[in-house]
Amino acid sequence: MQHPNKKIMRKLIAYGPEKPITAAIVNKKGNIISISHGKIYPPEKCIDPTAHSEVNAIRKACRKIKSWSLKGCWLYSTFEPCPLCSSAAVWAEIEGIVYSNNPKYRGKEDNWSFIKCRDVLKKAEYLHKIKLHENFLIEETKDFFL
């Protein structure tokens, strides 16, 4: 299967602004083995600050295949994976990451400091090199988070 794949990303984008950050793990054959949405909002109901969409998708996929390693699998996300999610992909031995993004959203705080996914992956190359496709189908997610 060739990545990035428009059909897979559009399936995630279809959840729309109601679930703006949706992630999936795709196996070697191109089948989606897990889809997940973030569970950290609203913050007052959050009991797990690590329950990001990408981490949830990795957890579900690992349980499904009964392995900690997702070698050969790809992580798709409708938003740029944060440092936590990017690191989880490294530890899970993900082959590649494909994400869309929203250029208007970078957090609500004035001093929002965001470490780019590509920077996390570059630092972790000594462990595992991950292929990266950034801003895929970005025009189709530009109205998320408005």
# chains A, B, ... in the order shown; residues from 1 in each chain; ligands from 1
>>> select_by_dssp(residues="range 49-124 of chain A", states="helix (DSSP H, G or I)", output="count of residues only")
29
>>> residues_around(residues="Thr50 in chain A", least_positions_apart="3", cutoff="12 Å", atoms="only C-alpha atoms", output="PDB file with N, CA and C atoms, in the first residue's frame")
ATOM      1  N   GLY A  38      -9.666  11.590  20.777  1.00  0.00           N
ATOM      2  CA  GLY A  38      -9.121  12.012  22.066  1.00  0.00           C
ATOM      3  C   GLY A  38     -10.168  11.958  23.165  1.00  0.00           C
ATOM      4  N   LYS A  39      -9.733  11.641  24.357  1.00  0.00           N
ATOM      5  CA  LYS A  39     -10.635  11.556  25.512  1.00  0.00           C
ATOM      6  C   LYS A  39     -10.202  12.528  26.605  1.00  0.00           C
ATOM      7  N   ILE A  40      -9.439  13.571  26.245  1.00  0.00           N
ATOM      8  CA  ILE A  40      -8.915  14.477  27.261  1.00  0.00           C
ATOM      9  C   ILE A  40      -9.759  15.737  27.425  1.00  0.00           C
ATOM     10  N   TYR A  41     -10.802  15.873  26.628  1.00  0.00           N
ATOM     11  CA  TYR A  41     -11.669  17.045  26.746  1.00  0.00           C
ATOM     12  C   TYR A  41     -13.097  16.604  26.982  1.00  0.00           C
ATOM     13  N   PRO A  43     -11.638  19.134  29.904  1.00  0.00           N
ATOM     14  CA  PRO A  43     -10.621  18.874  30.934  1.00  0.00           C
ATOM     15  C   PRO A  43     -11.202  18.525  32.301  1.00  0.00           C
ATOM     16  N   CYS A  46     -11.670  14.841  32.430  1.00  0.00           N
ATOM     17  CA  CYS A  46     -10.515  14.033  32.036  1.00  0.00           C
ATOM     18  C   CYS A  46      -9.939  13.282  33.226  1.00  0.00           C
ATOM     19  N   ILE A  47      -9.755  11.993  33.067  1.00  0.00           N
ATOM     20  CA  ILE A  47      -9.087  11.225  34.117  1.00  0.00           C
ATOM     21  C   ILE A  47      -7.772  10.633  33.611  1.00  0.00           C
ATOM     22  N   SER A  53      -5.817  11.045  20.905  1.00  0.00           N
ATOM     23  CA  SER A  53      -6.314  10.188  19.822  1.00  0.00           C
ATOM     24  C   SER A  53      -5.260   9.207  19.328  1.00  0.00           C
ATOM     25  N   GLU A  54      -4.047   9.706  19.091  1.00  0.00           N
ATOM     26  CA  GLU A  54      -2.993   8.864  18.545  1.00  0.00           C
ATOM     27  C   GLU A  54      -2.564   7.782  19.537  1.00  0.00           C
ATOM     28  N   VAL A  55      -2.411   8.158  20.791  1.00  0.00           N
ATOM     29  CA  VAL A  55      -2.041   7.173  21.817  1.00  0.00           C
ATOM     30  C   VAL A  55      -3.147   6.134  21.971  1.00  0.00           C
ATOM     31  N   ASN A  56      -4.396   6.582  21.970  1.00  0.00           N
ATOM     32  CA  ASN A  56      -5.517   5.641  22.067  1.00  0.00           C
ATOM     33  C   ASN A  56      -5.527   4.670  20.883  1.00  0.00           C
ATOM     34  N   ALA A  57      -5.263   5.180  19.683  1.00  0.00           N
ATOM     35  CA  ALA A  57      -5.245   4.311  18.500  1.00  0.00           C
ATOM     36  C   ALA A  57      -4.110   3.291  18.601  1.00  0.00           C
ATOM     37  N   ILE A  58      -2.950   3.722  19.087  1.00  0.00           N
ATOM     38  CA  ILE A  58      -1.816   2.809  19.274  1.00  0.00           C
ATOM     39  C   ILE A  58      -2.172   1.736  20.300  1.00  0.00           C
ATOM     40  N   ARG A  59      -2.750   2.149  21.423  1.00  0.00           N
ATOM     41  CA  ARG A  59      -3.146   1.183  22.464  1.00  0.00           C
ATOM     42  C   ARG A  59      -4.130   0.146  21.918  1.00  0.00           C
ATOM     43  N   CYS A  82       1.380  15.442  18.867  1.00  0.00           N
ATOM     44  CA  CYS A  82       2.163  16.188  19.854  1.00  0.00           C
ATOM     45  C   CYS A  82       3.414  15.378  20.215  1.00  0.00           C
ATOM     46  N   PRO A  83       4.288  15.908  21.059  1.00  0.00           N
ATOM     47  CA  PRO A  83       5.486  15.155  21.459  1.00  0.00           C
ATOM     48  C   PRO A  83       5.167  13.813  22.124  1.00  0.00           C
ATOM     49  N   LEU A  84       4.120  13.769  22.948  1.00  0.00           N
ATOM     50  CA  LEU A  84       3.715  12.511  23.585  1.00  0.00           C
ATOM     51  C   LEU A  84       3.345  11.469  22.531  1.00  0.00           C
ATOM     52  N   CYS A  85       2.503  11.867  21.592  1.00  0.00           N
ATOM     53  CA  CYS A  85       2.024  10.933  20.564  1.00  0.00           C
ATOM     54  C   CYS A  85       3.137  10.542  19.591  1.00  0.00           C
ATOM     55  N   SER A  87       6.303  10.398  20.290  1.00  0.00           N
ATOM     56  CA  SER A  87       7.176   9.474  21.019  1.00  0.00           C
ATOM     57  C   SER A  87       6.549   8.092  21.136  1.00  0.00           C
ATOM     58  N   ALA A  88       5.244   8.033  21.359  1.00  0.00           N
ATOM     59  CA  ALA A  88       4.558   6.735  21.429  1.00  0.00           C
ATOM     60  C   ALA A  88       4.705   5.986  20.102  1.00  0.00           C
TER      61      ALA A  88
END
>>> residues_around(residues="range 7-15 of chain A", least_positions_apart="5", cutoff="12 Å", atoms="only C-alpha atoms", output="ChimeraX atom specification")
/A:1-2,20-27,30-37,53,74-79,97-101,133,135-144
>>> write_last_selection(atoms="N, CA and C atoms", output="CSV table (one decimal), in the first residue's frame")
chain,number,residue,atom,x,y,z
A,1,MET,N,0.8,-1.2,0.0
A,1,MET,CA,0.0,0.0,0.0
A,1,MET,C,0.9,1.2,0.0
A,2,GLN,N,0.5,2.2,-0.7
A,2,GLN,CA,1.2,3.5,-0.8
A,2,GLN,C,0.7,4.5,0.2
A,20,PRO,N,-12.6,16.6,16.0
A,20,PRO,CA,-11.5,17.1,15.1
A,20,PRO,C,-10.2,16.4,15.1
A,21,ILE,N,-9.9,15.7,16.2
A,21,ILE,CA,-8.6,15.0,16.2
A,21,ILE,C,-9.0,13.5,16.3
A,22,THR,N,-8.9,12.9,15.1
A,22,THR,CA,-9.2,11.4,15.0
A,22,THR,C,-7.9,10.8,14.4
A,23,ALA,N,-7.6,9.6,15.0
A,23,ALA,CA,-6.4,8.9,14.5
A,23,ALA,C,-6.7,7.5,14.2
A,24,ALA,N,-5.8,6.9,13.4
A,24,ALA,CA,-6.0,5.5,13.0
A,24,ALA,C,-4.7,4.8,12.9
A,25,ILE,N,-4.6,3.5,13.1
A,25,ILE,CA,-3.5,2.7,12.8
A,25,ILE,C,-3.9,1.8,11.6
A,26,VAL,N,-3.0,1.8,10.6
A,26,VAL,CA,-3.2,1.1,9.4
A,26,VAL,C,-2.2,0.0,9.2
A,27,ASN,N,-2.6,-1.2,8.9
A,27,ASN,CA,-1.6,-2.3,8.8
A,27,ASN,C,-0.9,-2.3,7.5
A,30,GLY,N,-3.0,-2.2,4.4
A,30,GLY,CA,-3.8,-1.0,4.2
A,30,GLY,C,-5.2,-1.0,4.9
A,31,ASN,N,-5.3,-2.0,5.8
A,31,ASN,CA,-6.6,-2.1,6.6
A,31,ASN,C,-6.4,-1.3,7.8
A,32,ILE,N,-7.5,-0.6,8.2
A,32,ILE,CA,-7.5,0.2,9.4
A,32,ILE,C,-7.7,-0.8,10.6
A,33,ILE,N,-6.8,-0.9,11.5
A,33,ILE,CA,-7.0,-1.8,12.6
A,33,ILE,C,-7.5,-1.2,13.9
A,34,SER,N,-7.4,0.2,13.9
A,34,SER,CA,-8.0,0.9,15.1
A,34,SER,C,-8.2,2.3,14.7
A,35,ILE,N,-9.3,2.9,15.2
A,35,ILE,CA,-9.6,4.3,15.0
A,35,ILE,C,-9.9,4.8,16.4
A,36,SER,N,-9.5,6.0,16.7
A,36,SER,CA,-9.7,6.6,18.1
A,36,SER,C,-9.8,8.1,18.0
A,37,HIS,N,-10.5,8.6,19.0
A,37,HIS,CA,-10.6,10.0,19.2
A,37,HIS,C,-10.1,10.4,20.6
A,53,SER,N,-5.8,11.0,20.9
A,53,SER,CA,-6.3,10.2,19.8
A,53,SER,C,-5.3,9.2,19.3
A,74,TRP,N,1.1,2.2,9.9
A,74,TRP,CA,1.2,3.6,9.8
A,74,TRP,C,0.2,4.2,10.7
A,75,LEU,N,0.5,5.4,11.3
A,75,LEU,CA,-0.3,6.2,12.1
A,75,LEU,C,-0.8,7.3,11.2
A,76,TYR,N,-2.2,7.5,11.2
A,76,TYR,CA,-2.8,8.6,10.5
A,76,TYR,C,-3.5,9.4,11.5
A,77,SER,N,-3.4,10.8,11.4
A,77,SER,CA,-4.1,11.7,12.3
A,77,SER,C,-4.6,12.9,11.6
A,78,THR,N,-5.7,13.4,12.0
A,78,THR,CA,-6.2,14.7,11.4
A,78,THR,C,-5.5,15.9,12.0
A,79,PHE,N,-4.6,15.7,12.9
A,79,PHE,CA,-3.9,16.8,13.5
A,79,PHE,C,-2.4,16.4,13.7
A,97,ILE,N,4.1,8.1,9.7
A,97,ILE,CA,3.0,9.0,10.2
A,97,ILE,C,2.6,9.9,9.1
A,98,VAL,N,1.2,9.9,9.0
A,98,VAL,CA,0.6,10.8,8.0
A,98,VAL,C,-0.3,11.7,8.8
A,99,TYR,N,-0.2,13.0,8.7
A,99,TYR,CA,-1.1,13.9,9.4
A,99,TYR,C,-1.6,15.1,8.5
A,100,SER,N,-2.8,15.5,8.8
A,100,SER,CA,-3.3,16.8,8.3
A,100,SER,C,-2.9,17.8,9.3
A,101,ASN,N,-3.5,18.9,9.4
A,101,ASN,CA,-3.2,19.9,10.4
A,101,ASN,C,-4.2,21.1,10.3
A,133,HIS,N,4.7,12.2,6.6
A,133,HIS,CA,4.0,13.0,5.5
A,133,HIS,C,3.2,14.1,6.3
A,135,ASN,N,0.9,17.7,6.8
A,135,ASN,CA,-0.1,18.6,6.1
A,135,ASN,C,-0.8,17.9,5.0
A,136,PHE,N,-1.1,16.6,5.1
A,136,PHE,CA,-1.8,15.9,4.0
A,136,PHE,C,-3.3,16.2,4.0
A,137,LEU,N,-3.8,16.6,2.9
A,137,LEU,CA,-5.2,17.1,2.7
A,137,LEU,C,-5.6,18.2,3.7
A,138,ILE,N,-4.6,19.1,3.9
A,138,ILE,CA,-4.8,20.2,4.9
A,138,ILE,C,-6.0,21.1,4.6
A,139,GLU,N,-6.3,21.2,3.3
A,139,GLU,CA,-7.5,22.0,2.9
A,139,GLU,C,-8.8,21.5,3.4
A,140,GLU,N,-8.8,20.2,3.7
A,140,GLU,CA,-10.1,19.5,4.1
A,140,GLU,C,-10.2,19.6,5.6
A,141,THR,N,-9.2,20.0,6.3
A,141,THR,CA,-9.3,20.1,7.8
A,141,THR,C,-9.2,21.6,8.3
A,142,LYS,N,-9.2,22.5,7.3
A,142,LYS,CA,-8.9,23.9,7.7
A,142,LYS,C,-10.0,24.6,8.5
A,143,ASP,N,-11.2,24.0,8.5
A,143,ASP,CA,-12.3,24.6,9.3
A,143,ASP,C,-12.5,23.9,10.7
A,144,PHE,N,-11.6,23.0,11.0
A,144,PHE,CA,-11.7,22.3,12.3
A,144,PHE,C,-11.1,23.4,13.3
>>> atom_distance(atom1="CA of Lys64 in chain A", atom2="CA of Lys122 in chain A")
28.6 Å
>>> select_by_dssp(residues="range 17-89 of chain A", states="strand (DSSP E or B)", output="ChimeraX atom specification")
/A:22-26,32-37,74-77
>>> closest_residue(among="A:Lys129, A:Ser67, A:Lys116, A:Cys62", to="Glu95 in chain A", atoms="only C-alpha atoms")
A:Lys129
>>> decode(residues="range 10-102 of chain A", atoms="C-alpha atoms", output="tab-separated table (two decimals), in the first residue's frame")
chain	number	residue	atom	x	y	z
A	10	ARG	CA	-10.86	11.14	4.33
A	11	LYS	CA	-12.42	8.45	6.52
A	12	LEU	CA	-10.87	10.21	9.54
A	13	ILE	CA	-11.76	13.68	8.29
A	14	ALA	CA	-15.39	12.55	7.93
A	15	TYR	CA	-15.74	12.68	11.73
A	16	GLY	CA	-15.49	16.43	11.18
A	17	PRO	CA	-15.32	19.27	13.66
A	18	GLU	CA	-17.34	17.26	16.21
A	19	LYS	CA	-14.32	14.97	16.64
A	20	PRO	CA	-11.55	17.13	15.14
A	21	ILE	CA	-8.65	14.97	16.23
A	22	THR	CA	-9.16	11.45	14.96
A	23	ALA	CA	-6.36	8.93	14.53
A	24	ALA	CA	-6.02	5.47	13.05
A	25	ILE	CA	-3.47	2.69	12.79
A	26	VAL	CA	-3.24	1.11	9.36
A	27	ASN	CA	-1.59	-2.28	8.84
A	28	LYS	CA	0.73	-3.41	6.03
A	29	LYS	CA	-2.23	-4.41	3.85
A	30	GLY	CA	-3.83	-0.99	4.18
A	31	ASN	CA	-6.57	-2.08	6.57
A	32	ILE	CA	-7.50	0.19	9.44
A	33	ILE	CA	-6.97	-1.84	12.61
A	34	SER	CA	-7.96	0.89	15.06
A	35	ILE	CA	-9.61	4.31	15.04
A	36	SER	CA	-9.73	6.56	18.06
A	37	HIS	CA	-10.64	10.03	19.23
A	38	GLY	CA	-9.12	12.01	22.07
A	39	LYS	CA	-10.64	11.56	25.51
A	40	ILE	CA	-8.92	14.48	27.26
A	41	TYR	CA	-11.67	17.05	26.75
A	42	PRO	CA	-13.50	18.54	28.45
A	43	PRO	CA	-10.62	18.87	30.93
A	44	GLU	CA	-12.91	18.80	33.96
A	45	LYS	CA	-13.97	15.25	33.01
A	46	CYS	CA	-10.52	14.03	32.04
A	47	ILE	CA	-9.09	11.23	34.12
A	48	ASP	CA	-6.23	10.35	31.77
A	49	PRO	CA	-4.11	13.18	30.36
A	50	THR	CA	-2.38	10.72	28.00
A	51	ALA	CA	-5.64	9.71	26.29
A	52	HIS	CA	-4.83	11.52	23.06
A	53	SER	CA	-6.31	10.19	19.82
A	54	GLU	CA	-2.99	8.86	18.54
A	55	VAL	CA	-2.04	7.17	21.82
A	56	ASN	CA	-5.52	5.64	22.07
A	57	ALA	CA	-5.25	4.31	18.50
A	58	ILE	CA	-1.82	2.81	19.27
A	59	ARG	CA	-3.15	1.18	22.46
A	60	LYS	CA	-6.17	-0.29	20.67
A	61	ALA	CA	-4.06	-1.63	17.80
A	62	CYS	CA	-1.53	-3.22	20.16
A	63	ARG	CA	-4.32	-4.92	22.10
A	64	LYS	CA	-5.92	-6.12	18.88
A	65	ILE	CA	-2.75	-7.69	17.47
A	66	LYS	CA	-1.49	-8.70	20.94
A	67	SER	CA	1.91	-7.05	20.49
A	68	TRP	CA	3.65	-3.88	21.62
A	69	SER	CA	5.26	-3.55	18.19
A	70	LEU	CA	3.38	-2.05	15.27
A	71	LYS	CA	6.20	-2.62	12.76
A	72	GLY	CA	4.97	-2.03	9.25
A	73	CYS	CA	1.93	-0.04	10.44
A	74	TRP	CA	1.19	3.60	9.80
A	75	LEU	CA	-0.34	6.20	12.10
A	76	TYR	CA	-2.81	8.59	10.46
A	77	SER	CA	-4.09	11.66	12.31
A	78	THR	CA	-6.22	14.66	11.41
A	79	PHE	CA	-3.89	16.85	13.47
A	80	GLU	CA	-0.15	17.04	14.03
A	81	PRO	CA	0.86	14.50	16.71
A	82	CYS	CA	2.16	16.19	19.85
A	83	PRO	CA	5.49	15.15	21.46
A	84	LEU	CA	3.72	12.51	23.59
A	85	CYS	CA	2.02	10.93	20.56
A	86	SER	CA	5.10	11.21	18.35
A	87	SER	CA	7.18	9.47	21.02
A	88	ALA	CA	4.56	6.73	21.43
A	89	ALA	CA	4.82	6.10	17.68
A	90	VAL	CA	8.59	5.72	18.01
A	91	TRP	CA	8.28	3.23	20.91
A	92	ALA	CA	5.60	1.27	19.02
A	93	GLU	CA	7.95	1.02	16.01
A	94	ILE	CA	5.43	2.63	13.67
A	95	GLU	CA	6.72	2.71	10.08
A	96	GLY	CA	5.28	6.09	9.19
A	97	ILE	CA	3.04	8.96	10.23
A	98	VAL	CA	0.61	10.84	8.00
A	99	TYR	CA	-1.14	13.87	9.40
A	100	SER	CA	-3.25	16.78	8.27
A	101	ASN	CA	-3.22	19.93	10.36
A	102	ASN	CA	-4.91	23.20	11.11
